[in-house]
>>> print(open('start.cif').read())   # mmCIF, C-alpha atoms (C1' of nucleotides)
data_final
loop_
_atom_site.label_atom_id
_atom_site.label_comp_id
_atom_site.auth_asym_id
_atom_site.auth_seq_id
_atom_site.Cartn_x
_atom_site.Cartn_y
_atom_site.Cartn_z
CA MET W 60 51.40 -53.48 -62.13
CA LEU W 61 49.58 -56.00 -59.96
CA LYS W 62 49.37 -59.34 -61.69
CA PHE W 63 45.90 -60.80 -61.84
CA ASP W 64 45.05 -63.89 -63.86
CA ILE W 65 41.53 -64.89 -64.68
CA GLU W 66 41.10 -68.63 -65.16
CA LYS W 67 37.42 -68.70 -65.77
CA LYS W 68 34.62 -66.28 -66.47
CA LYS W 69 30.89 -66.60 -66.57
CA GLY W 70 28.77 -63.49 -66.85
CA PHE W 71 30.20 -61.12 -64.30
CA MET W 72 31.66 -63.98 -62.29
CA ARG W 73 35.28 -64.82 -62.46
CA VAL W 74 37.80 -67.14 -60.87
CA GLY W 75 41.33 -65.85 -60.72
CA THR W 76 44.59 -65.39 -58.89
CA ILE W 77 46.08 -62.19 -57.49
CA TYR W 78 49.87 -62.39 -57.26
CA THR W 79 51.49 -60.34 -54.50
CA PRO W 80 55.06 -60.23 -53.21
CA HIS W 81 53.81 -62.07 -50.12
CA GLY W 82 51.95 -64.80 -51.97
CA ASP W 83 48.94 -65.48 -54.14
CA ILE W 84 45.25 -65.08 -53.49
CA LYS W 85 42.94 -67.49 -55.23
CA THR W 86 39.79 -65.53 -55.96
CA PRO W 87 37.02 -65.08 -55.13
CA ALA W 88 38.38 -64.95 -51.59
CA PHE W 89 37.30 -63.70 -48.19
CA VAL W 90 39.92 -61.42 -46.61
CA GLY W 91 40.16 -61.46 -42.82
CA ALA W 92 39.55 -58.14 -41.09
CA ALA W 93 42.70 -57.47 -39.07
CA THR W 94 41.98 -53.85 -38.22
CA ARG W 95 44.77 -53.33 -35.70
CA SER W 96 47.04 -55.84 -37.40
CA THR W 97 45.36 -58.80 -35.77
CA VAL W 98 42.14 -60.61 -36.41
CA LYS W 99 40.42 -60.18 -33.08
CA ALA W 100 40.65 -63.28 -30.88
CA LEU W 101 42.65 -65.25 -33.46
CA THR W 102 46.33 -65.97 -33.96
CA MET W 103 47.78 -65.83 -37.44
CA LYS W 104 48.41 -69.57 -37.20
CA GLN W 105 44.72 -70.12 -36.53
CA MET W 106 43.89 -67.87 -39.48
CA ARG W 107 46.13 -69.90 -41.78
CA GLU W 108 44.70 -73.16 -40.48
CA LEU W 109 41.12 -72.08 -41.03
CA GLY W 110 42.00 -71.33 -44.64
CA SER W 111 42.39 -67.56 -44.80
CA GLN W 112 44.59 -66.38 -47.66
CA SER W 113 44.97 -62.73 -46.76
CA ILE W 114 44.17 -60.07 -44.19
CA LEU W 115 43.19 -56.41 -44.26
CA ALA W 116 44.46 -53.92 -41.70
CA ASN W 117 43.38 -50.37 -41.09
CA THR W 118 45.53 -47.31 -41.62
CA TYR W 119 43.63 -45.09 -39.19
CA HIS W 120 44.02 -47.51 -36.31
CA LEU W 121 47.66 -48.21 -37.07
CA ILE W 122 48.54 -44.51 -37.34
CA LEU W 123 47.19 -44.03 -33.81
CA ARG W 124 48.88 -47.11 -32.43
CA PRO W 125 51.62 -48.25 -32.82
CA GLY W 126 52.40 -45.69 -35.53
CA THR W 127 53.25 -46.48 -39.12
CA ASP W 128 56.97 -45.88 -38.63
CA LEU W 129 57.08 -48.63 -36.08
CA ILE W 130 55.49 -51.09 -38.47
CA LYS W 131 57.98 -50.06 -41.12
CA GLU W 132 60.79 -50.54 -38.62
CA ALA W 133 59.43 -54.01 -37.85
CA GLY W 134 59.70 -54.94 -41.50
CA GLY W 135 56.14 -54.26 -42.61
CA LEU W 136 52.71 -55.54 -41.68
CA ALA W 137 53.17 -59.13 -42.85
CA LYS W 138 56.34 -59.61 -40.87
CA PHE W 139 55.28 -57.51 -37.86
CA SER W 140 52.09 -59.51 -37.42
CA SER W 141 53.65 -62.83 -38.37
CA TRP W 142 51.04 -63.23 -41.05
CA HIS W 143 53.66 -63.67 -43.79
CA GLY W 144 51.00 -63.67 -46.48
CA PRO W 145 49.22 -61.19 -48.73
CA THR W 146 47.94 -58.09 -46.98
CA PHE W 147 45.62 -55.18 -47.67
CA THR W 148 45.23 -51.87 -45.89
CA ASP W 149 42.14 -49.76 -45.85
CA SER W 150 42.90 -46.07 -46.17
CA GLY W 151 41.30 -44.97 -42.91
CA GLY W 152 38.68 -42.88 -44.65
CA PHE W 153 35.86 -44.98 -43.35
CA GLN W 154 36.96 -44.63 -39.71
CA ILE W 155 37.80 -40.96 -39.88
CA PHE W 156 34.43 -40.08 -41.32
CA SER W 157 32.71 -41.91 -38.50
CA LEU W 158 34.43 -39.82 -35.83
CA PRO W 159 32.37 -37.17 -34.03
CA ASP W 160 34.20 -34.00 -34.99
CA VAL W 161 35.95 -34.10 -38.27
CA LYS W 162 36.95 -31.05 -40.24
CA ILE W 163 36.90 -31.74 -43.93
CA THR W 164 38.48 -29.44 -46.45
CA GLU W 165 39.36 -29.93 -50.05
CA ASP W 166 42.90 -30.60 -48.92
CA GLY W 167 42.10 -33.37 -46.49
CA VAL W 168 40.71 -34.18 -43.10
CA LYS W 169 41.51 -32.98 -39.61
CA PHE W 170 40.35 -35.25 -36.83
CA LYS W 171 40.83 -35.98 -33.18
CA SER W 172 42.17 -39.32 -32.06
CA HIS W 173 39.39 -41.22 -30.31
CA ILE W 174 42.01 -42.42 -27.84
CA ASP W 175 43.68 -39.31 -26.48
CA GLY W 176 42.18 -36.41 -28.41
CA ARG W 177 45.38 -35.66 -30.29
CA ILE W 178 44.74 -33.78 -33.51
CA PHE W 179 45.71 -35.60 -36.70
CA GLU W 180 45.55 -34.56 -40.28
CA MET W 181 45.13 -36.91 -43.14
CA THR W 182 45.38 -36.06 -46.78
CA PRO W 183 45.38 -38.31 -49.81
CA GLU W 184 49.16 -37.95 -49.83
CA SER W 185 49.63 -38.77 -46.15
CA SER W 186 47.34 -41.79 -46.42
CA MET W 187 49.46 -43.12 -49.27
CA GLN W 188 52.65 -42.50 -47.29
CA ALA W 189 51.17 -44.22 -44.25
CA GLN W 190 50.09 -47.25 -46.26
CA TRP W 191 53.51 -47.53 -47.88
CA SER W 192 55.04 -47.44 -44.41
CA ILE W 193 52.70 -50.10 -43.14
CA GLY W 194 53.79 -52.06 -46.15
CA ALA W 195 50.63 -53.90 -47.12
CA ASP W 196 50.64 -55.34 -50.61
CA ILE W 197 47.42 -53.64 -51.62
CA HIS W 198 46.35 -50.14 -50.55
CA MET W 199 43.02 -48.39 -50.80
CA ALA W 200 42.75 -44.84 -52.07
CA PHE W 201 41.79 -42.30 -49.41
CA ASP W 202 38.11 -41.78 -50.02
CA HIS W 203 35.41 -39.50 -48.71
CA LEU W 204 32.45 -41.17 -47.02
CA ALA W 205 29.09 -39.50 -47.41
CA LYS W 206 27.59 -38.06 -44.23
CA SER W 207 24.15 -39.29 -45.16
CA GLU W 208 22.56 -41.45 -47.79
CA SER W 209 21.02 -38.48 -49.57
CA ARG W 210 21.89 -37.96 -53.19
CA GLU W 211 23.33 -34.56 -52.45
CA ASP W 212 25.75 -35.90 -49.84
CA MET W 213 26.62 -38.90 -51.98
CA GLU W 214 27.48 -36.66 -54.87
CA VAL W 215 29.68 -34.43 -52.71
CA ALA W 216 31.46 -37.50 -51.35
CA MET W 217 31.94 -38.97 -54.78
CA ARG W 218 33.35 -35.79 -56.31
CA ARG W 219 35.79 -35.35 -53.48
CA THR W 220 36.76 -39.02 -53.63
CA HIS W 221 37.57 -38.52 -57.31
CA ALA W 222 39.62 -35.38 -56.67
CA TRP W 223 41.48 -37.17 -53.91
CA LEU W 224 41.98 -40.21 -56.10
CA ASP W 225 44.04 -38.14 -58.53
CA ARG W 226 46.26 -37.08 -55.67
CA CYS W 227 46.46 -40.63 -54.30
CA VAL W 228 47.54 -41.92 -57.69
CA ALA W 229 50.17 -39.17 -58.08
CA GLU W 230 51.58 -39.74 -54.60
CA HIS W 231 51.46 -43.52 -54.98
CA HIS W 232 53.49 -43.42 -58.18
CA LYS W 233 55.95 -41.01 -56.68
CA ILE W 234 56.60 -43.31 -53.71
CA LYS W 235 56.56 -46.32 -55.99
CA SER W 236 59.32 -45.00 -58.23
CA ASP W 237 61.42 -44.30 -55.14
CA ALA W 238 60.77 -47.83 -53.93
CA GLU W 239 61.78 -49.26 -57.29
CA LYS W 240 65.08 -47.40 -57.18
CA GLN W 241 65.71 -48.93 -53.77
CA ASN W 242 64.62 -52.39 -54.95
CA ARG W 243 61.89 -52.53 -52.37
CA PRO W 244 58.92 -54.85 -53.05
CA GLU W 245 56.07 -53.46 -55.06
CA GLN W 246 52.90 -52.25 -53.42
CA TYR W 247 49.63 -51.65 -55.21
CA LEU W 248 46.80 -49.16 -55.22
CA TYR W 249 43.08 -49.71 -55.57
CA ALA W 250 40.78 -46.81 -56.45
CA VAL W 251 37.54 -46.71 -54.46
CA VAL W 252 34.20 -46.43 -56.22
CA GLN W 253 31.55 -44.36 -54.44
CA GLY W 254 28.01 -43.30 -55.35
CA GLY W 255 25.80 -44.86 -52.68
CA THR W 256 22.52 -46.25 -53.86
CA PHE W 257 22.41 -44.06 -56.96
CA ASN W 258 23.40 -46.16 -59.89
CA ASP W 259 24.06 -43.23 -62.20
CA LEU W 260 26.56 -41.92 -59.64
CA ARG W 261 28.01 -45.40 -59.30
CA GLU W 262 28.45 -45.57 -63.04
CA GLU W 263 30.11 -42.17 -63.14
CA SER W 264 32.40 -43.12 -60.26
CA ALA W 265 33.33 -46.45 -61.83
CA LYS W 266 34.18 -44.71 -65.10
CA TYR W 267 36.31 -42.20 -63.29
CA CYS W 268 38.17 -44.87 -61.32
CA ALA W 269 38.56 -47.05 -64.40
CA SER W 270 40.32 -44.22 -66.23
CA LYS W 271 43.08 -44.00 -63.63
CA ASP W 272 46.40 -45.78 -63.42
CA VAL W 273 45.52 -48.07 -60.52
CA ASP W 274 45.95 -51.79 -59.90
CA GLY W 275 42.42 -52.63 -58.87
CA PHE W 276 39.28 -51.28 -57.33
CA GLY W 277 37.54 -51.12 -54.02
CA ILE W 278 33.81 -50.77 -54.05
CA GLY W 279 32.92 -48.70 -51.03
CA GLY W 280 30.01 -47.10 -49.31
CA VAL W 281 27.81 -50.18 -49.37
CA PHE W 282 25.79 -50.41 -46.18
CA THR W 283 22.97 -52.76 -46.94
CA ALA W 284 22.54 -55.69 -49.25
CA GLU W 285 19.45 -54.04 -50.69
CA GLY W 286 20.11 -53.04 -54.27
CA MET W 287 23.72 -54.17 -54.01
CA ALA W 288 23.53 -56.77 -56.77
CA GLU W 289 22.12 -54.23 -59.23
CA MET W 290 24.70 -51.65 -58.23
CA LEU W 291 27.51 -54.17 -58.72
CA LYS W 292 26.24 -54.99 -62.20
CA VAL W 293 26.47 -51.31 -63.05
CA VAL W 294 29.90 -50.80 -61.49
CA ASN W 295 31.51 -54.01 -62.65
CA GLY W 296 30.03 -53.50 -66.08
CA VAL W 297 32.19 -50.40 -66.31
CA LEU W 298 35.36 -51.45 -64.47
CA PRO W 299 38.00 -53.16 -66.63
CA GLU W 300 37.78 -56.92 -66.45
CA ASP W 301 41.48 -57.51 -66.06
CA LYS W 302 41.89 -55.83 -62.69
CA PRO W 303 40.72 -57.20 -59.34
CA ARG W 304 37.79 -55.75 -57.42
CA HIS W 305 37.39 -55.70 -53.68
CA LEU W 306 33.97 -55.29 -52.11
CA LEU W 307 34.70 -53.22 -49.02
CA GLY W 308 33.10 -54.23 -45.77
CA MET W 309 30.45 -56.63 -47.00
CA GLY W 310 30.12 -60.26 -46.04
CA GLN W 311 28.35 -60.55 -42.76
CA GLU W 312 25.37 -62.10 -44.51
CA PRO W 313 26.30 -65.05 -46.72
CA ILE W 314 24.00 -63.71 -49.42
CA ASP W 315 26.35 -60.71 -49.74
CA LEU W 316 29.15 -63.10 -50.71
CA PHE W 317 27.03 -64.85 -53.31
CA ASP W 318 25.74 -61.57 -54.72
CA GLY W 319 29.24 -60.11 -54.69
CA ALA W 320 30.90 -63.01 -56.48
CA GLU W 321 28.07 -63.45 -58.92
CA ASN W 322 28.33 -59.81 -59.87
CA GLY W 323 32.04 -59.69 -60.41
CA CYS W 324 33.77 -59.04 -57.07
CA ASP W 325 36.98 -60.91 -56.37
CA THR W 326 37.67 -60.24 -52.72
CA PHE W 327 35.61 -59.33 -49.66
CA ASP W 328 36.34 -58.22 -46.15
CA CYS W 329 33.98 -57.88 -43.25
CA VAL W 330 34.23 -57.48 -39.50
CA GLY W 331 30.84 -59.12 -39.05
CA PRO W 332 31.90 -62.75 -38.76
CA THR W 333 34.42 -62.19 -35.97
CA ARG W 334 32.34 -59.55 -34.20
CA MET W 335 29.31 -61.76 -34.18
CA ALA W 336 31.44 -64.65 -33.00
CA ARG W 337 32.55 -62.65 -29.99
CA ASN W 338 28.91 -61.90 -29.27
CA GLY W 339 27.84 -65.54 -29.51
CA SER W 340 26.17 -65.47 -32.91
CA LEU W 341 27.40 -68.40 -34.99
CA TYR W 342 26.85 -69.36 -38.59
CA THR W 343 25.34 -72.70 -39.49
CA LEU W 344 24.06 -73.97 -42.83
CA ASP W 345 20.57 -73.44 -41.39
CA GLY W 346 21.13 -69.80 -40.47
CA ARG W 347 22.72 -68.06 -37.54
CA ILE W 348 22.29 -69.33 -34.01
CA ASN W 349 22.90 -67.61 -30.69
CA ILE W 350 24.97 -70.13 -28.77
CA LYS W 351 24.12 -68.33 -25.51
CA ASN W 352 20.47 -69.34 -25.83
CA ALA W 353 19.26 -71.72 -23.12
CA LYS W 354 18.31 -74.34 -25.70
CA PHE W 355 22.00 -75.14 -26.28
CA LYS W 356 22.72 -76.00 -22.67
CA HIS W 357 22.26 -79.72 -23.24
CA GLU W 358 23.15 -79.82 -26.95
CA PHE W 359 26.05 -82.26 -27.11
CA THR W 360 26.60 -81.94 -30.84
CA PRO W 361 28.88 -79.62 -32.82
CA VAL W 362 27.69 -76.17 -33.85
CA MET W 363 27.64 -77.44 -37.43
CA ALA W 364 28.05 -81.14 -38.17
CA GLU W 365 29.29 -80.52 -41.74
CA CYS W 366 32.02 -78.12 -40.58
CA ASN W 367 35.72 -78.98 -40.53
CA CYS W 368 36.88 -76.17 -38.29
CA GLU W 369 38.78 -76.75 -35.07
CA CYS W 370 35.74 -75.70 -33.06
CA CYS W 371 33.24 -78.03 -34.71
CA LYS W 372 35.63 -80.98 -34.90
CA ASN W 373 36.41 -80.92 -31.20
CA TYR W 374 33.73 -79.16 -29.20
CA THR W 375 29.99 -79.30 -28.62
CA CYS W 376 27.35 -76.62 -28.45
CA ALA W 377 26.89 -77.39 -24.76
CA TYR W 378 30.58 -76.75 -24.10
CA LEU W 379 30.63 -73.54 -26.13
CA HIS W 380 27.41 -72.43 -24.41
CA HIS W 381 29.08 -73.00 -21.08
CA LEU W 382 32.22 -71.07 -22.08
CA PHE W 383 30.10 -68.11 -23.17
CA LYS W 384 28.03 -68.22 -20.00
CA VAL W 385 31.09 -68.07 -17.80
CA ASP W 386 32.74 -65.55 -20.12
CA GLU W 387 35.89 -67.49 -20.85
CA ILE W 388 38.09 -66.02 -23.58
CA THR W 389 38.21 -69.43 -25.23
CA ALA W 390 34.54 -69.00 -26.07
CA LYS W 391 35.40 -66.06 -28.30
CA ILE W 392 38.40 -67.81 -29.79
CA LEU W 393 36.50 -70.95 -30.78
CA ALA W 394 33.51 -68.97 -32.03
CA SER W 395 35.79 -66.73 -34.10
CA ILE W 396 37.55 -69.75 -35.59
CA HIS W 397 34.19 -71.15 -36.60
CA ASN W 398 32.68 -67.99 -38.07
CA GLU W 399 35.82 -66.96 -39.91
CA HIS W 400 36.23 -70.48 -41.26
CA PHE W 401 32.60 -70.46 -42.32
CA VAL W 402 32.80 -67.34 -44.50
CA VAL W 403 36.24 -68.20 -45.89
CA ASN W 404 34.90 -71.61 -46.76
CA VAL W 405 31.71 -70.31 -48.36
CA VAL W 406 33.74 -68.11 -50.68
CA ASP W 407 36.16 -70.96 -51.42
CA LYS W 408 33.19 -73.12 -52.35
CA ILE W 409 31.80 -70.37 -54.53
CA ARG W 410 35.14 -70.41 -56.35
CA GLU W 411 35.01 -74.16 -56.73
CA SER W 412 31.43 -74.08 -57.93
CA ILE W 413 32.25 -71.52 -60.62
CA LEU W 414 35.08 -73.73 -61.81
CA ASN W 415 32.71 -76.71 -61.82
CA ASP W 416 29.97 -74.81 -63.65
CA ASP W 417 27.49 -75.34 -60.85
CA PHE W 418 27.51 -71.97 -59.10
CA GLU W 419 23.75 -71.49 -59.50
CA ALA W 420 22.99 -74.88 -57.98
CA TYR W 421 25.33 -74.26 -55.06
CA ARG W 422 23.95 -70.76 -54.53
CA ASP W 423 20.31 -71.86 -54.61
CA GLU W 424 20.89 -74.81 -52.34
CA PHE W 425 22.89 -72.77 -49.85
CA LEU W 426 20.63 -69.73 -49.73
CA SER W 427 17.36 -71.64 -49.60
CA ARG W 428 18.61 -73.63 -46.64
CA TYR W 429 20.32 -70.76 -44.84
CA TYR W 430 17.42 -68.30 -45.17
CA LYS W 431 14.50 -70.74 -45.06
"C1'" G I 286 17.51 -65.87 29.42
"C1'" C I 287 19.12 -60.53 28.83
"C1'" U I 288 21.09 -56.51 25.66
"C1'" G I 289 22.07 -54.71 20.84
"C1'" G I 290 21.74 -55.36 15.43
"C1'" A I 291 19.37 -57.47 11.10
"C1'" G I 292 15.31 -59.86 7.89
"C1'" U I 293 13.41 -55.99 0.61
"C1'" C I 294 12.56 -59.64 -6.75
"C1'" G I 295 17.21 -66.18 -7.77
"C1'" U I 296 21.71 -63.54 -5.03
"C1'" C I 297 23.88 -59.12 -2.89
"C1'" U I 298 21.92 -54.26 -2.28
"C1'" A I 299 19.25 -48.88 -2.12
"C1'" G I 300 15.33 -47.24 0.61
"C1'" U I 301 13.76 -43.51 7.59
"C1'" G I 302 5.64 -41.64 5.62
"C1'" G I 303 3.49 -41.06 -1.21
"C1'" C I 304 6.93 -47.11 -3.69
"C1'" A I 305 5.84 -52.48 -7.84
"C1'" A I 306 10.24 -50.41 -4.80
"C1'" U I 307 17.39 -48.39 -6.41
"C1'" G I 308 21.86 -50.47 -8.29
"C1'" A I 309 24.85 -54.70 -9.46
"C1'" C I 310 25.06 -59.73 -10.63
"C1'" A I 311 22.46 -63.95 -12.32
"C1'" A I 312 18.62 -65.32 -15.82
"C1'" G I 313 15.80 -64.74 -20.70
"C1'" A I 314 15.90 -62.58 -25.60
"C1'" G I 315 17.51 -59.35 -29.57
"C1'" A I 316 21.02 -56.39 -32.53
"C1'" C I 317 25.73 -56.32 -34.96
"C1'" U I 318 28.32 -55.56 -42.68
"C1'" G I 319 35.83 -51.05 -45.22
"C1'" U I 320 35.67 -52.78 -35.93
"C1'" A I 321 36.15 -46.09 -30.86
"C1'" A I 322 32.24 -53.27 -30.36
"C1'" A I 323 35.21 -59.44 -25.52
"C1'" U I 324 30.01 -54.11 -27.46
"C1'" C I 325 25.03 -52.33 -27.30
"C1'" U I 326 19.54 -52.80 -26.50
"C1'" C I 327 15.23 -54.90 -24.29
"C1'" U I 328 12.69 -58.12 -20.53
"C1'" C I 329 13.15 -59.70 -15.64
"C1'" G I 330 6.28 -60.06 -8.87
"C1'" C I 331 1.47 -61.88 -11.34
"C1'" C I 332 -2.27 -60.67 -15.08
"C1'" U I 333 -3.25 -57.41 -19.26
"C1'" U I 334 -7.61 -55.75 -24.74
"C1'" C I 335 -0.66 -52.16 -23.01
"C1'" G I 336 -5.08 -47.79 -20.89
"C1'" G I 337 -4.30 -50.41 -16.76
"C1'" G I 338 -5.61 -54.21 -13.00
"C1'" C I 339 -3.94 -57.30 -8.87
"C1'" U I 340 -0.59 -59.02 -4.99
"C1'" U I 341 4.21 -57.66 -2.62
"C1'" C I 342 9.50 -55.75 1.44
"C1'" G I 343 10.08 -62.31 7.94
"C1'" U I 344 4.67 -63.23 10.25
"C1'" A I 345 0.23 -61.16 12.52
"C1'" G I 346 -2.08 -56.96 14.23
"C1'" G I 347 -2.22 -51.52 14.84
"C1'" U I 348 -1.47 -45.92 13.89
"C1'" U I 349 -2.21 -42.96 9.28
"C1'" C I 350 -5.75 -40.20 3.70
"C1'" G I 351 -1.35 -43.16 2.71
"C1'" A I 352 3.40 -47.98 5.82
"C1'" G I 353 9.16 -51.46 3.17
"C1'" U I 354 9.58 -47.09 6.28
"C1'" C I 355 6.17 -45.51 12.74
"C1'" C I 356 3.96 -48.74 17.07
"C1'" U I 357 2.90 -53.83 19.43
"C1'" A I 358 3.57 -59.04 19.59
"C1'" C I 359 5.70 -63.17 17.56
"C1'" C I 360 9.31 -65.96 14.31
"C1'" U I 361 14.31 -66.42 12.30
"C1'" C I 362 19.48 -65.02 11.97
"C1'" C I 363 24.03 -62.43 13.86
"C1'" A I 364 27.02 -60.25 17.90
"C1'" G I 365 27.93 -59.43 23.09
"C1'" C I 366 26.65 -60.70 28.13
"C1'" A I 367 24.80 -64.56 31.22
#
>>> encode(input="start.cif", output="C-alpha cells")
Amino acid sequence: MLKFDIEKKKGFMRVGTIYTPHGDIKTPAFVGAATRSTVKALTMKQMRELGSQSILANTYHLILRPGTDLIKEAGGLAKFSSWHGPTFTDSGGFQIFSLPDVKITEDGVKFKSHIDGRIFEMTPESSMQAQWSIGADIHMAFDHLAKSESREDMEVAMRRTHAWLDRCVAEHHKIKSDAEKQNRPEQYLYAVVQGGTFNDLREESAKYCASKDVDGFGIGGVFTAEGMAEMLKVVNGVLPEDKPRHLLGMGQEPIDLFDGAENGCDTFDCVGPTRMARNGSLYTLDGRINIKNAKFKHEFTPVMAECNCECCKNYTCAYLHHLFKVDEITAKILASIHNEHFVVNVVDKIRESILNDDFEAYRDEFLSRYYK
RNA sequence: GCUGGAGUCGUCUAGUGGCAAUGACAAGAGACUGUAAAUCUCUCGCCUUCGGGCUUCGUAGGUUCGAGUCCUACCUCCAGCA
C-alpha cells in the first residue's frame, strides 16, 4: 500500500508526504507533464533545479513510441529518462478518447495510431500491463472520457469507468503479486473519479472509487475551473482522507492550484505551463504576459523580479523577446524553465502557507494581484 | 547610344482586360488546462456608423463600359552589343 503521511490538515486542505520507491513527494505538489518521458524543452537536471519533485508520463504516447517493453528493458521510466525520482503515468484514456475514430466496446477500446495508422487495442488489463512495464511509481486506472459534457454522456462514461476500474484493480493486484514474488519494487494504482459537472454523479463516482482497493485517486474530466471548487468539495468529502488525490490536468491557471489545494487535492499536473512557455506566454505575479509583444523589445529587466529561476536570474525580457523573435530554441527552454518553476513554486508556497496557518492570506494576496 | 528584359503592400512573389490585387516571409495581436501543439487563429493601402467609401501595381498620357494587365512617351534597374 502506498504510504502517505499527513502532517497538517485544515478543512479539506492537507500537507503531506507521498513515499515512493523512487523518493518522496512533499504535498501539495505540482507534477511536471512529461508526456513522452520528457518535459518538453527541459532536461531532467533543469527540472530538478527548478524544484520539481515528480513527473507524469503518458501510457498512450509511450506505447506508440518507443514501446513499453523498451522502457522496461531500459530499467523503467525513472532510469530511462534519467529522472531518478518519483513518477506517475496517465493511463492513456484521455488521449485515446480524443482520437478521431475510436471504437469503444465494453471490453475496451480500439484505436488507430495517430502516427502511422496502426490499429491498437487497449483494455483495462492492457493499460495496467503497459503501466507496469513503463514502471512508474503511480498508475492511473484506465478511464472512459465522456464524448460530450451532457449528463447522458457523462453518465455513460462514469459507469464504464467504474466497470473498467474493477478490472484495473484485479489486473493490478495480479501483476503486483507477481512483482512481489520477484522482489520487484512496488507500483501503485489510483482510481479515477468521473462525473463531469454533475455533482451527484461526482459523488456517486467518488463513493465507487473509494470502495475499491486502490492507493489513491485521480480526479479526471475537469475541463474548466468553473464549478471545480464545489465539485472537489463533493468528491473529496467522500474520498478517504488517508489516501492521496491527484487532480488530473489542471493547473494552467494559478487559481486552479489554489482551488485544488484548498479543496483537498495533493498533486496536480498540467501541460499548460510548458505549452504556454513555448508559445511565449509567461507567468508573472501580475498575470501572464506575452513576451513576443513589441512592448518588451526594450525591457531590460527580468520577466519577474521576484523570481529565482535560471531565466529570471540571468536574462532580461528584451533578450527573451529577441530569442522568440528569431525563433531560437533557447527561447523555449528559458521560458519553460520559468513557467514550470512558477507553478511548482506556487504550489510549494501553498504548502508552506498551510503549514504556517496563513493560506488564506497568501491566496488572497496572490490572486488579487495576479487577476487584478 | 542600340537591342532585349524588368519595375505589384516592409521584403520576395502571383497576376496577360472585371482586381484592393495571390502566396510566403516580416510585422501587430490573441488563444492554449490528464500535450497528434516549438501549435493554432485573427489583422496587416487609407477611412468606416462594418453596409460600405476612398486611393493604389515606376511616372504621365491614351484605348476601353472596365487597365496591374493593351498602346505612346518618359524615368529607373539588369543583361548583351557598341
>>> resolve_selection(input="start.cif", expression="the PyMOL selection byres ((chain I) within 12 of (chain W))", output="number ranges by chain")
I: 311-325
>>> resolve_selection(input="start.cif", expression="the PyMOL selection byres ((chain I and resi 330-337) around 8)", output="PyMOL selection string")
chain I and resi 294+305+338-341
>>> atom_distance(input="start.cif", atom1="atom CA of W:Thr360", atom2="atom CA of W:Ser395")
18.1 Å
>>> atom_distance(input="start.cif", atom1="atom CA of W:Gln253", atom2="atom CA of W:Val228")
16.5 Å
>>> resolve_selection(input="start.cif", expression="the PyMOL selection byres ((chain W and resi 166) around 10)", output="list in words")
Ile163, Thr164, Glu165, Gly167, Val168, Lys169, Glu180, Met181, Thr182, Pro183, Glu184, Arg219, Ala222, Trp223 and Arg226 of chain W
>>> atom_distance(input="start.cif", atom1="atom CA of W:Phe179", atom2="atom CA of W:Gly254")
26.8 Å
>>> residues_around(input="start.cif", residues="stretch 342-357 of chain I", least_positions_apart="5", cutoff="8 Å", atoms="all atoms listed in the file", output="list in words")
G292, U293, G300, U301, G302 and G303 of chain I
>>> closest_residue(input="start.cif", among="W:Gly176, W:Pro303, W:Gly135, W:Gly194", to="W:Lys235", atoms="only C-alpha atoms")
W:Gly194
>>> residues_around(input="start.cif", residues="W:Gly75", least_positions_apart="4", cutoff="9 Å", atoms="only C-alpha atoms (C1' of nucleotides)", output="list in words")
Phe63, Asp64, Ile65, Glu66, Lys67, Lys68, Ile84, Lys85, Thr86, Pro87, Pro303, Asp325 and Arg410 of chain W
>>> residues_around(input="start.cif", residues="stretch 236-248 of chain W", least_positions_apart="2", cutoff="6 Å", atoms="all atoms listed in the file", output="list in words")
Asp196, Ile197, His198, Met199, Lys233, Ile234, Val273 and Asp274 of chain W
>>> write_last_selection(input="start.cif", atoms="C-alpha atoms", output="PDB file, in the coordinates of the input")
ATOM      1  CA  ASP W 196      50.640 -55.340 -50.610  1.00  0.00           C
ATOM      2  CA  ILE W 197      47.420 -53.640 -51.620  1.00  0.00           C
ATOM      3  CA  HIS W 198      46.350 -50.140 -50.550  1.00  0.00           C
ATOM      4  CA  MET W 199      43.020 -48.390 -50.800  1.00  0.00           C
ATOM      5  CA  LYS W 233      55.950 -41.010 -56.680  1.00  0.00           C
ATOM      6  CA  ILE W 234      56.600 -43.310 -53.710  1.00  0.00           C
ATOM      7  CA  VAL W 273      45.520 -48.070 -60.520  1.00  0.00           C
ATOM      8  CA  ASP W 274      45.950 -51.790 -59.900  1.00  0.00           C
TER       9      ASP W 274
END
>>> axis_aligned_box(input="start.cif", around="stretch 286-290 of chain I", padding_each_side="5 Å", output="lines of an AutoDock Vina configuration file")
center_x = 19.8
center_y = -60.3
center_z = 22.4
size_x = 14.6
size_y = 21.2
size_z = 24.0
